[in-house]
file data.cif (mmCIF, C-alpha atoms)
data_input
#
loop_
_atom_site.label_atom_id
_atom_site.label_comp_id
_atom_site.auth_asym_id
_atom_site.auth_seq_id
_atom_site.Cartn_x
_atom_site.Cartn_y
_atom_site.Cartn_z
CA MET F 1 0.00 0.00 0.00
CA ALA F 2 1.40 3.40 -0.96
CA ASP F 3 2.43 5.81 1.79
CA ILE F 4 0.06 8.74 1.27
CA SER F 5 2.03 10.82 3.80
CA VAL F 6 4.83 11.31 1.27
CA ASN F 7 4.38 14.40 -0.88
CA PRO F 8 5.33 13.39 -4.44
CA ARG F 9 6.36 16.92 -5.35
CA GLN F 10 8.56 17.24 -2.26
CA ALA F 11 10.12 13.84 -2.91
CA ARG F 12 10.87 14.83 -6.50
CA LEU F 13 12.42 18.12 -5.37
CA GLU F 14 14.62 16.42 -2.78
CA GLY F 15 15.72 13.96 -5.45
CA GLN F 16 16.78 16.86 -7.68
CA LEU F 17 18.63 18.53 -4.82
CA SER F 18 20.41 15.30 -3.94
CA SER F 19 21.50 15.03 -7.56
CA LEU F 20 22.89 18.58 -7.40
CA ALA F 21 24.73 17.76 -4.18
CA PHE F 22 26.40 14.79 -5.88
CA THR F 23 27.26 16.94 -8.90
CA PHE F 24 28.93 19.62 -6.77
CA LEU F 25 30.95 17.10 -4.76
CA ALA F 26 32.10 15.38 -7.96
CA SER F 27 32.87 18.45 -10.07
CA GLN F 28 33.84 21.19 -7.61
CA PRO F 29 37.00 20.23 -5.61
CA HIS F 30 36.55 23.21 -3.27
CA VAL F 31 33.18 21.88 -2.06
CA SER F 32 33.83 20.08 1.23
CA TYR F 33 30.22 19.22 2.03
CA ALA F 34 26.97 19.01 0.10
CA ALA F 35 23.74 17.44 1.34
CA VAL F 36 20.00 17.98 1.61
CA GLU F 37 18.97 19.23 5.04
CA LYS F 38 15.28 19.79 5.83
CA GLY F 39 14.40 20.08 2.18
CA GLU F 40 17.18 22.53 1.27
CA LEU F 41 20.54 21.94 -0.35
CA VAL F 42 23.47 22.95 1.89
CA VAL F 43 26.93 23.38 0.37
CA HIS F 44 30.17 24.31 2.15
CA THR F 45 32.94 25.97 0.16
CA THR F 46 35.98 28.19 0.77
CA CYS F 47 36.32 31.96 0.76
CA GLU F 48 38.77 31.76 -2.13
CA HIS F 49 36.23 30.01 -4.35
CA LEU F 50 33.13 31.78 -3.08
CA VAL F 51 32.65 34.37 -5.83
CA PRO F 52 33.31 32.01 -8.80
CA PHE F 53 31.00 29.41 -7.25
CA LEU F 54 28.17 31.88 -6.61
CA THR F 55 28.59 33.23 -10.13
CA LEU F 56 28.24 29.68 -11.45
CA LEU F 57 25.11 29.13 -9.39
CA ARG F 58 23.58 32.36 -10.63
CA ASP F 59 24.45 32.20 -14.34
CA ASP F 60 24.65 28.52 -15.27
CA PRO F 61 21.36 27.47 -16.94
CA ARG F 62 21.49 24.19 -15.01
CA TYR F 63 21.15 26.01 -11.68
CA ARG F 64 19.71 29.53 -12.15
CA PHE F 65 19.87 30.67 -8.53
CA GLU F 66 19.01 34.21 -9.54
CA GLN F 67 18.18 35.76 -6.18
CA LEU F 68 20.14 36.29 -2.99
CA MET F 69 17.37 36.10 -0.39
CA ASP F 70 19.52 36.55 2.68
CA LEU F 71 23.07 36.63 4.01
CA CYS F 72 23.62 35.98 7.68
CA GLY F 73 26.26 35.01 10.21
CA VAL F 74 26.57 32.26 12.82
CA ASP F 75 29.04 32.35 15.70
CA PHE F 76 30.84 29.29 17.08
CA PRO F 77 33.37 30.78 19.57
CA ALA F 78 35.10 27.45 20.25
CA ARG F 79 36.21 27.09 16.62
CA ALA F 80 39.39 28.57 15.19
CA GLN F 81 37.27 29.94 12.34
CA ARG F 82 34.44 30.96 14.59
CA PHE F 83 32.09 32.49 12.02
CA GLU F 84 29.96 30.91 9.34
CA VAL F 85 28.68 33.25 6.64
CA VAL F 86 25.55 31.80 5.06
CA TYR F 87 24.20 32.74 1.62
CA ASN F 88 20.57 31.75 1.01
CA LEU F 89 19.83 31.65 -2.71
CA LEU F 90 16.57 31.09 -4.57
CA SER F 91 16.06 29.78 -8.07
CA VAL F 92 12.86 31.34 -9.39
CA THR F 93 13.27 29.34 -12.59
CA TYR F 94 13.34 25.94 -10.87
CA ASN F 95 11.65 26.90 -7.57
CA ARG F 96 14.37 25.56 -5.30
CA ARG F 97 16.80 26.89 -2.73
CA ILE F 98 20.44 26.43 -1.80
CA ARG F 99 22.40 27.45 1.26
CA VAL F 100 26.09 28.19 0.64
CA VAL F 101 28.33 28.37 3.70
CA VAL F 102 31.89 29.66 4.17
CA CYS F 103 33.93 29.93 7.37
CA THR F 104 36.15 32.75 8.57
CA ASP F 105 37.61 34.29 11.71
CA GLU F 106 37.71 37.78 13.19
CA TYR F 107 40.49 38.97 10.88
CA ALA F 108 40.21 37.23 7.49
CA ALA F 109 37.85 39.05 5.12
CA VAL F 110 35.21 37.30 3.05
CA PRO F 111 34.95 38.47 -0.59
CA SER F 112 32.00 40.78 -1.14
CA VAL F 113 29.31 39.69 -3.58
CA HIS F 114 27.67 43.10 -3.99
CA HIS F 115 28.64 43.09 -7.66
CA LEU F 116 26.63 39.88 -8.15
CA TRP F 117 23.63 41.02 -6.12
CA PRO F 118 23.48 44.74 -5.20
CA CYS F 119 21.23 43.91 -2.24
CA ALA F 120 24.20 42.07 -0.67
CA THR F 121 25.53 45.43 0.55
CA TRP F 122 22.73 45.61 3.12
CA TRP F 123 23.30 42.04 4.28
CA GLU F 124 27.09 42.40 4.44
CA ARG F 125 26.81 45.59 6.46
CA GLU F 126 24.43 43.85 8.86
CA CYS F 127 26.77 40.85 9.23
CA TYR F 128 29.69 43.20 9.85
CA ASP F 129 27.73 45.26 12.36
CA LEU F 130 26.34 42.35 14.40
CA PHE F 131 29.20 39.82 14.11
CA GLY F 132 32.26 41.83 13.07
CA VAL F 133 32.80 39.79 9.89
CA LEU F 134 34.89 41.72 7.35
CA PHE F 135 34.06 41.80 3.63
CA SER F 136 36.81 42.65 1.16
CA GLY F 137 35.81 44.75 -1.84
CA GLN F 138 32.71 46.14 -0.10
CA PRO F 139 32.76 49.91 -0.75
CA ASP F 140 30.30 50.75 2.04
CA LEU F 141 31.34 48.57 4.98
CA ARG F 142 29.90 50.47 7.95
CA ARG F 143 27.41 49.79 10.69
CA ILE F 144 23.75 49.64 9.75
CA LEU F 145 21.77 48.76 12.90
CA THR F 146 23.90 50.21 15.71
CA ASP F 147 25.46 53.64 16.17
CA ASN F 148 28.84 54.40 14.61
CA GLY F 149 30.31 54.73 18.10
CA PHE F 150 28.89 51.39 19.27
CA GLU F 151 31.42 49.15 21.03
CA GLY F 152 31.58 45.49 20.01
CA HIS F 153 29.29 43.29 17.93
CA PRO F 154 26.06 42.31 19.71
CA LEU F 155 25.35 38.92 18.12
CA ARG F 156 28.69 37.41 19.07
CA LYS F 157 28.23 34.70 21.68
CA ASP F 158 30.77 36.37 23.99
CA PHE F 159 29.06 39.77 23.87
CA PRO F 160 27.51 40.58 27.29
CA LEU F 161 23.73 40.44 27.33
CA THR F 162 23.59 43.84 29.01
CA GLY F 163 25.96 45.44 26.51
CA TYR F 164 28.51 48.06 27.51
CA GLU F 165 26.42 51.22 27.35
CA GLU F 166 22.85 52.25 28.03
CA VAL F 167 20.98 55.04 26.30
CA ARG F 168 18.45 57.21 28.09
CA TYR F 169 16.79 60.59 27.78
CA ASP F 170 18.15 63.19 30.22
CA ALA F 171 15.32 65.58 31.09
CA GLU F 172 17.66 68.18 32.56
CA ARG F 173 19.96 68.25 29.53
CA ARG F 174 17.02 67.67 27.16
CA GLN F 175 18.93 65.20 25.05
CA VAL F 176 19.67 61.50 24.68
CA VAL F 177 22.81 60.49 26.59
CA LYS F 178 24.99 57.38 26.68
CA GLU F 179 26.29 56.00 29.96
CA PRO F 180 28.08 52.85 31.10
CA VAL F 181 25.64 50.09 31.98
CA SER F 182 24.54 50.33 35.60
CA LEU F 183 22.59 47.43 37.05
CA THR F 184 22.98 48.18 40.76
CA GLN F 185 20.01 47.20 42.89
CA ASP F 186 19.18 46.82 46.55
CA PHE F 187 19.44 43.43 48.21
CA ARG F 188 16.18 41.58 47.97
CA ASP F 189 14.95 38.73 50.13
CA PHE F 190 13.33 36.13 47.90
CA ASP F 191 10.57 33.99 49.41
CA PHE F 192 10.34 30.77 47.43
CA VAL F 193 7.46 29.33 49.47
CA SER F 194 4.30 28.93 47.46
CA PRO F 195 1.61 31.36 48.63
CA TRP F 196 -0.82 28.42 48.68
CA GLU F 197 1.44 26.53 51.09
CA GLY F 198 1.99 29.62 53.20
CA MET F 199 -1.70 30.21 53.80
CA LEU F 200 -3.06 28.38 56.81
CA THR F 201 -6.65 28.37 55.69
CA LEU F 202 -8.02 28.92 52.20
CA PRO F 203 -11.44 30.53 51.87
CA GLY F 204 -14.07 27.81 51.89
CA ASP F 205 -11.55 25.20 53.03
CA GLU F 206 -11.99 25.54 56.78
CA LYS F 207 -13.12 21.95 57.31
CA ALA F 208 -10.20 20.50 55.36
CA HIS F 209 -7.87 22.70 57.40
CA GLU F 210 -9.34 21.37 60.64
CA VAL F 211 -8.83 17.79 59.40
CA ARG F 212 -5.18 18.51 58.55
CA GLN F 213 -4.59 20.14 61.88
CA GLY F 214 -6.16 17.15 63.67
CA MET F 215 -3.94 14.75 61.74
CA LYS F 216 -0.85 16.74 62.73
CA ARG F 217 -1.83 16.73 66.40
CA SER F 218 -2.60 12.99 66.38
CA SER F 219 0.77 12.23 64.74
#

call {"tool": "encode", "arguments": {"input": "data.cif", "output": "structure tokens"}}
result
Amino acid sequence: MADISVNPRQARLEGQLSSLAFTFLASQPHVSYAAVEKGELVVHTTCEHLVPFLTLLRDDPRYRFEQLMDLCGVDFPARAQRFEVVYNLLSVTYNRRIRVVVCTDEYAAVPSVHHLWPCATWWERECYDLFGVLFSGQPDLRRILTDNGFEGHPLRKDFPLTGYEEVRYDAERRQVVKEPVSLTQDFRDFDFVSPWEGMLTLPGDEKAHEVRQGMKRSS
């Protein structure tokens, strides 16, 4: 009996993506990993081969990944190359996606792809701002979500959750001011006893309370 839970279209798509993964591993020596993960093709390559490979994916009629949908970073502090830069591409022609991943550290720049997709400038600036990843050949590499004087990169795993500065409005000076983070607070005595356990008698529960008290006295 056929398994009706399997979507034929999805199965066909995953078969096509698996075929592409095999093709990349066989024909592209710089590809270190290629597999289908959760219905999307994931390919790992090197920074040196990134631009030629993305150009191939965009222009080759076999692939036609015309659109860069997103570019983002991932931080793995324990690794020597702690950052992954992820390029999410969409083929409108074939209605399929691919995720291309390269690794880098805090100092080695990743080649910019703004000349392939102009929208990449926004994504590269965001990745630089939040992770500190550098992009060589990017003519407008500056912060995009934080202030120019912001210290650090807030999506790094070792960035403090409180940050280094706090921003507030000073009514006396009538302007927004920056100050070092101050989280001082008075000592508080925490009572971890449930309020239900702390109450001797609940409204409407007087008889049950008397029974409990009698059991305690008898014990």

call {"tool": "closest_residue", "arguments": {"input": "data.cif", "among": "F:Thr162, F:Ala26, F:Thr93, F:Ser32", "to": "Asp60 (chain F)", "atoms": "all atoms listed in the file"}}
result
F:Thr93

call {"tool": "closest_residue", "arguments": {"input": "data.cif", "among": "F:Gln175, F:Gln67, F:Ser112, F:Ser182", "to": "Pro52 (chain F)", "atoms": "all atoms listed in the file"}}
result
F:Ser112

call {"tool": "atom_distance", "arguments": {"input": "data.cif", "atom1": "CA of Arg156 (chain F)", "atom2": "CA of Arg142 (chain F)"}}
result
17.2 Å

call {"tool": "residues_around", "arguments": {"input": "data.cif", "residues": "Asp140 (chain F)", "least_positions_apart": "4", "cutoff": "10 Å", "atoms": "all atoms listed in the file", "output": "JSON, numbers by chain"}}
result
{"F": [121, 122, 124, 125, 135]}

call {"tool": "atom_distance", "arguments": {"input": "data.cif", "atom1": "CA of Arg174 (chain F)", "atom2": "CA of Asn148 (chain F)"}}
result
21.8 Å

call {"tool": "residues_near_point", "arguments": {"input": "data.cif", "point": "(27.5, 35.4, 8.4)", "cutoff": "6 Å", "atoms": "all atoms listed in the file", "output": "PDB file with C-alpha atoms, in the coordinates of the input"}}
result
ATOM      1  CA  CYS F  72      23.620  35.980   7.680  1.00  0.00           C
ATOM      2  CA  GLY F  73      26.260  35.010  10.210  1.00  0.00           C
ATOM      3  CA  VAL F  74      26.570  32.260  12.820  1.00  0.00           C
ATOM      4  CA  GLU F  84      29.960  30.910   9.340  1.00  0.00           C
ATOM      5  CA  VAL F  85      28.680  33.250   6.640  1.00  0.00           C
ATOM      6  CA  VAL F  86      25.550  31.800   5.060  1.00  0.00           C
ATOM      7  CA  CYS F 127      26.770  40.850   9.230  1.00  0.00           C
TER       8      CYS F 127
END

call {"tool": "resolve_selection", "arguments": {"input": "data.cif", "expression": "the PyMOL selection byres ((chain F and resi 28) around 12)", "output": "PyMOL selection string"}}
result
chain F and resi 20-27+29-34+43-46+49-50+52-53+56-57

call {"tool": "write_last_selection", "arguments": {"input": "data.cif", "atoms": "C-alpha atoms", "output": "PDB file, keeping the file's coordinate frame"}}
result
ATOM      1  CA  LEU F  20      22.890  18.580  -7.400  1.00  0.00           C
ATOM      2  CA  ALA F  21      24.730  17.760  -4.180  1.00  0.00           C
ATOM      3  CA  PHE F  22      26.400  14.790  -5.880  1.00  0.00           C
ATOM      4  CA  THR F  23      27.260  16.940  -8.900  1.00  0.00           C
ATOM      5  CA  PHE F  24      28.930  19.620  -6.770  1.00  0.00           C
ATOM      6  CA  LEU F  25      30.950  17.100  -4.760  1.00  0.00           C
ATOM      7  CA  ALA F  26      32.100  15.380  -7.960  1.00  0.00           C
ATOM      8  CA  SER F  27      32.870  18.450 -10.070  1.00  0.00           C
ATOM      9  CA  PRO F  29      37.000  20.230  -5.610  1.00  0.00           C
ATOM     10  CA  HIS F  30      36.550  23.210  -3.270  1.00  0.00           C
ATOM     11  CA  VAL F  31      33.180  21.880  -2.060  1.00  0.00           C
ATOM     12  CA  SER F  32      33.830  20.080   1.230  1.00  0.00           C
ATOM     13  CA  TYR F  33      30.220  19.220   2.030  1.00  0.00           C
ATOM     14  CA  ALA F  34      26.970  19.010   0.100  1.00  0.00           C
ATOM     15  CA  VAL F  43      26.930  23.380   0.370  1.00  0.00           C
ATOM     16  CA  HIS F  44      30.170  24.310   2.150  1.00  0.00           C
ATOM     17  CA  THR F  45      32.940  25.970   0.160  1.00  0.00           C
ATOM     18  CA  THR F  46      35.980  28.190   0.770  1.00  0.00           C
ATOM     19  CA  HIS F  49      36.230  30.010  -4.350  1.00  0.00           C
ATOM     20  CA  LEU F  50      33.130  31.780  -3.080  1.00  0.00           C
ATOM     21  CA  PRO F  52      33.310  32.010  -8.800  1.00  0.00           C
ATOM     22  CA  PHE F  53      31.000  29.410  -7.250  1.00  0.00           C
ATOM     23  CA  LEU F  56      28.240  29.680 -11.450  1.00  0.00           C
ATOM     24  CA  LEU F  57      25.110  29.130  -9.390  1.00  0.00           C
TER      25      LEU F  57
END

call {"tool": "atom_distance", "arguments": {"input": "data.cif", "atom1": "CA of Pro118 (chain F)", "atom2": "CA of Gln138 (chain F)"}}
result
10.6 Å

call {"tool": "resolve_selection", "arguments": {"input": "data.cif", "expression": "the PyMOL selection byres ((chain F and resi 109) around 10)", "output": "PyMOL selection string"}}
result
chain F and resi 47+104-108+110-112+133-137

call {"tool": "residues_around", "arguments": {"input": "data.cif", "residues": "region 13-15 of chain F", "least_positions_apart": "6", "cutoff": "9 Å", "atoms": "only C-alpha atoms", "output": "list in words"}}
result
Val36, Gly39, Glu40, Leu41 and Arg96 of chain F

call {"tool": "residues_around", "arguments": {"input": "data.cif", "residues": "Glu166 (chain F)", "least_positions_apart": "4", "cutoff": "12 Å", "atoms": "all atoms listed in the file", "output": "list in words"}}
result
Phe150, Glu151, Leu161, Thr162, Val176, Val177, Lys178, Glu179, Pro180, Val181, Ser182 and Leu183 of chain F

call {"tool": "closest_residue", "arguments": {"input": "data.cif", "among": "F:Lys38, F:Arg143, F:Arg79, F:Arg64", "to": "Tyr94 (chain F)", "atoms": "only C-alpha atoms"}}
result
F:Arg64

call {"tool": "closest_residue", "arguments": {"input": "data.cif", "among": "F:Asp158, F:Glu48, F:Asp59, F:Glu37", "to": "Phe76 (chain F)", "atoms": "all atoms listed in the file"}}
result
F:Asp158
